[in-house]
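Some notes on the structure that comes next.
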Amino acid sequence: MLNDISADIRALASQMVTKNDLQTLSDDLHAAIRFEVAALRSEIKAHGGRLQTLEETVRETAERAGTNTTATTRQGYMLLALRRQTEDLDNRSSRSNISVRGLPEPSTEEDVEATLKALFREILGADMPDTLTFDRAHRANRPRLADSTPRDVICCLHNYKHSPLWRFHGADMALFQDLSLLTLDAHRALRPITSLLRERNIPYKWGFPSALLARHQNEWVPLRWPEESPGFLRCMGLPPTEIAD
């Protein structure tokens with residue numbers, strides 16, 4: 001029986017983990033850890049390279065965006081300056097024109113020159129010259145409005161001087177300088193400011209190229225560009241007002 005017990009003990013002892021087994025297991029574990037760490041380092045290094053590339057790309061993109069913003073702003077000013085120059089040339093080319101507003105428009109073909117001569121004869125009276133020559137006379141080149149508002153009549157006379165309203169054949173008539181559409185758009189955009197100027201009884205007038213001039217302390221203060229509006233309003237003692245660019 002003792003022999004059997006001894007055999008069992010020896011069998012169990014042979015199955016127990018030895019120091020060599022532990023050393024082998026430790027070596028295998030260290031090798032596996034070193035392998036995983038090496039792989040992790042390699043992956044981190046690869047990610048670091050990609051991250052550096054991304055950072056450089058972001059920096060270059062930011063620099064390009066800043067350059068593009070500067071160029072876009074400069075081009076915006078250049079386009080606005082070209083628009084003002086075109087507007088000025090357009091106004092200069094039509095500076096001798098008169099825009100007659102309110103002249104009833106017949107449904108049939110009309111003799112514009114004959115109608116204008118009758119109008120100016122009533123306006124000028126005895127001062128009407130014997131011969132009144134038009135370089136051109138025609139209705140504004142646009143479709144008729146749905147509300148039957150008559151289109152302006154554009155004509156060219158020498159020695160024109162602006163005059164107030166008249167009554168002609170039962171219609172209220174007014175004569176204006178023939179301005180370009182760009183100038184008229186600019187005047188409409190500044191309407192909130194001109195309304196405030198009229199409410200405060202502040203004298204103002206229009207300059208060329210498009211500029212609003214208001215009287216302040218015996219001087220004419222100009223408003224030429226949209227970004228000048230805050231300073232212009234402060235100078236005039238007016239509240240902040242938004243205007244279209």
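Residue numbering restarts at 1 in every chain; chains get A, B, ... in the order shown in the structure tokens, and ligands count up from 1 in that same order.
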
I'd like to know which residues of range 22-137 of chain A are strand (DSSP E or B) (by DSSP, run on the backbone); could you write them as a PyMOL selection string?
chain A and resi 97-101+137

Alpha helix (DSSP H) residues, from DSSP on the backbone, in range 10-227 of chain A, as a PyMOL selection string
chain A and resi 10-15+19-93+112-124+181-189+191-199

With a distance cut-off of 9 Å and only C-alpha atoms, select the neighbouring residues of Pro104 in chain A, excluding the residue or stretch itself and same-chain residues fewer than 5 positions from it, and output the selection as a list in words.
Thr149, Pro150, Arg151, His169 and Ala171 of chain A

Students should find that CA of Leu238 in chain A and CA of Trp206 in chain A are spaced 18.5 Å

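For Ser229 in chain A, the list of residues within 10 Å, based on only C-alpha atoms and with local chain neighbours fewer than 5 positions off taken out, reads Leu190, Ile193, Pro222, Leu223, Arg224, Arg234, Cys235, Pro240, Thr241, Glu242 and Ile243 of chain A.
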
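Nearest to Arg215 in chain A of all the residues A:Met236, A:His47, A:Gly231, A:Leu184 is A:Met236, counting only C-alpha atoms.
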
Test item: residues at most 6 Å from Ser180 in chain A, only C-alpha atoms, excluding those fewer than 2 positions along its chain, as a list in words
Asn91, Leu182 and Thr183 of chain A

Using only N, CA and C atoms, please write the residues we just selected to a file, as a short mmCIF file (atom, residue, chain, number, x, y, z; two decimals), in the first residue's frame.
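Result written to result_23.cif:
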data_model
loop_
_atom_site.label_atom_id
_atom_site.label_comp_id
_atom_site.auth_asym_id
_atom_site.auth_seq_id
_atom_site.Cartn_x
_atom_site.Cartn_y
_atom_site.Cartn_z
N ASN A 91 -23.97 107.55 -66.08
CA ASN A 91 -24.63 108.82 -65.76
C ASN A 91 -24.08 109.97 -66.60
N LEU A 182 -27.98 101.50 -61.66
CA LEU A 182 -27.08 101.31 -60.52
C LEU A 182 -27.23 102.45 -59.52
N THR A 183 -27.32 103.68 -60.05
CA THR A 183 -27.47 104.84 -59.17
C THR A 183 -28.82 104.80 -58.46
#

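The interatomic distance for the pair CA of Ala118 in chain A and CA of Asn97 in chain A works out to 18.0 Å.
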
Show which residues sit within 12 Å of Asp111 in chain A, as number ranges by chain. Count only C-alpha atoms, and ignore same-chain residues fewer than 4 positions away.
A: 105-106, 115-118, 137-139, 153

Any chance you can output those residues with C-alpha atoms as a compact mmCIF listing (two decimals), in the first residue's frame?
# COMPACT_ATOMS: atom_id res chain seq x y z
CA GLU A 105 -49.35 106.47 -71.87
CA PRO A 106 -51.95 105.80 -74.58
CA THR A 115 -46.66 115.32 -76.61
CA LEU A 116 -43.42 116.60 -75.07
CA LYS A 117 -43.59 119.84 -77.05
CA ALA A 118 -47.12 120.41 -75.76
CA ALA A 137 -37.38 111.06 -77.14
CA HIS A 138 -38.87 107.69 -76.23
CA ARG A 139 -40.57 105.71 -73.50
CA VAL A 153 -40.35 109.29 -71.12

Long-range neighbours of Tyr77 in chain A as a PyMOL selection string, 12 Å cut-off, only C-alpha atoms, 5 positions minimum in chain:
chain A and resi 70-72+82-84+225-227+245

Could the residues in this selection be written to a file with N, CA and C atoms, as a PDB file, in the first residue's frame?
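Wrote selection-v8.pdb, looks like this:
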ATOM      1  N   THR A  70      -8.445  87.312 -48.065  1.00  0.00           N
ATOM      2  CA  THR A  70      -7.866  88.618 -48.397  1.00  0.00           C
ATOM      3  C   THR A  70      -8.100  88.958 -49.863  1.00  0.00           C
ATOM      4  N   ALA A  71      -7.868  87.956 -50.737  1.00  0.00           N
ATOM      5  CA  ALA A  71      -8.057  88.194 -52.170  1.00  0.00           C
ATOM      6  C   ALA A  71      -9.523  88.477 -52.488  1.00  0.00           C
ATOM      7  N   THR A  72     -10.430  87.728 -51.841  1.00  0.00           N
ATOM      8  CA  THR A  72     -11.860  87.943 -52.086  1.00  0.00           C
ATOM      9  C   THR A  72     -12.295  89.327 -51.630  1.00  0.00           C
ATOM     10  N   LEU A  82     -15.285  99.220 -59.728  1.00  0.00           N
ATOM     11  CA  LEU A  82     -15.626  99.135 -61.151  1.00  0.00           C
ATOM     12  C   LEU A  82     -17.100  99.456 -61.371  1.00  0.00           C
ATOM     13  N   ARG A  83     -17.940  98.987 -60.455  1.00  0.00           N
ATOM     14  CA  ARG A  83     -19.369  99.296 -60.568  1.00  0.00           C
ATOM     15  C   ARG A  83     -19.595 100.793 -60.458  1.00  0.00           C
ATOM     16  N   ARG A  84     -18.905 101.434 -59.502  1.00  0.00           N
ATOM     17  CA  ARG A  84     -19.051 102.879 -59.355  1.00  0.00           C
ATOM     18  C   ARG A  84     -18.560 103.602 -60.608  1.00  0.00           C
ATOM     19  N   TRP A 225     -19.284 104.514 -49.212  1.00  0.00           N
ATOM     20  CA  TRP A 225     -19.193 103.054 -49.150  1.00  0.00           C
ATOM     21  C   TRP A 225     -20.050 102.535 -48.004  1.00  0.00           C
ATOM     22  N   PRO A 226     -20.591 101.324 -48.130  1.00  0.00           N
ATOM     23  CA  PRO A 226     -21.464 100.782 -47.071  1.00  0.00           C
ATOM     24  C   PRO A 226     -20.798 100.749 -45.699  1.00  0.00           C
ATOM     25  N   GLU A 227     -19.485 100.426 -45.652  1.00  0.00           N
ATOM     26  CA  GLU A 227     -18.822 100.324 -44.350  1.00  0.00           C
ATOM     27  C   GLU A 227     -18.630 101.682 -43.681  1.00  0.00           C
ATOM     28  N   ASP A 245     -25.893  96.303 -49.022  1.00  0.00           N
ATOM     29  CA  ASP A 245     -24.610  96.574 -49.676  1.00  0.00           C
ATOM     30  C   ASP A 245     -24.831  96.970 -51.125  1.00  0.00           C
TER      31      ASP A 245
END
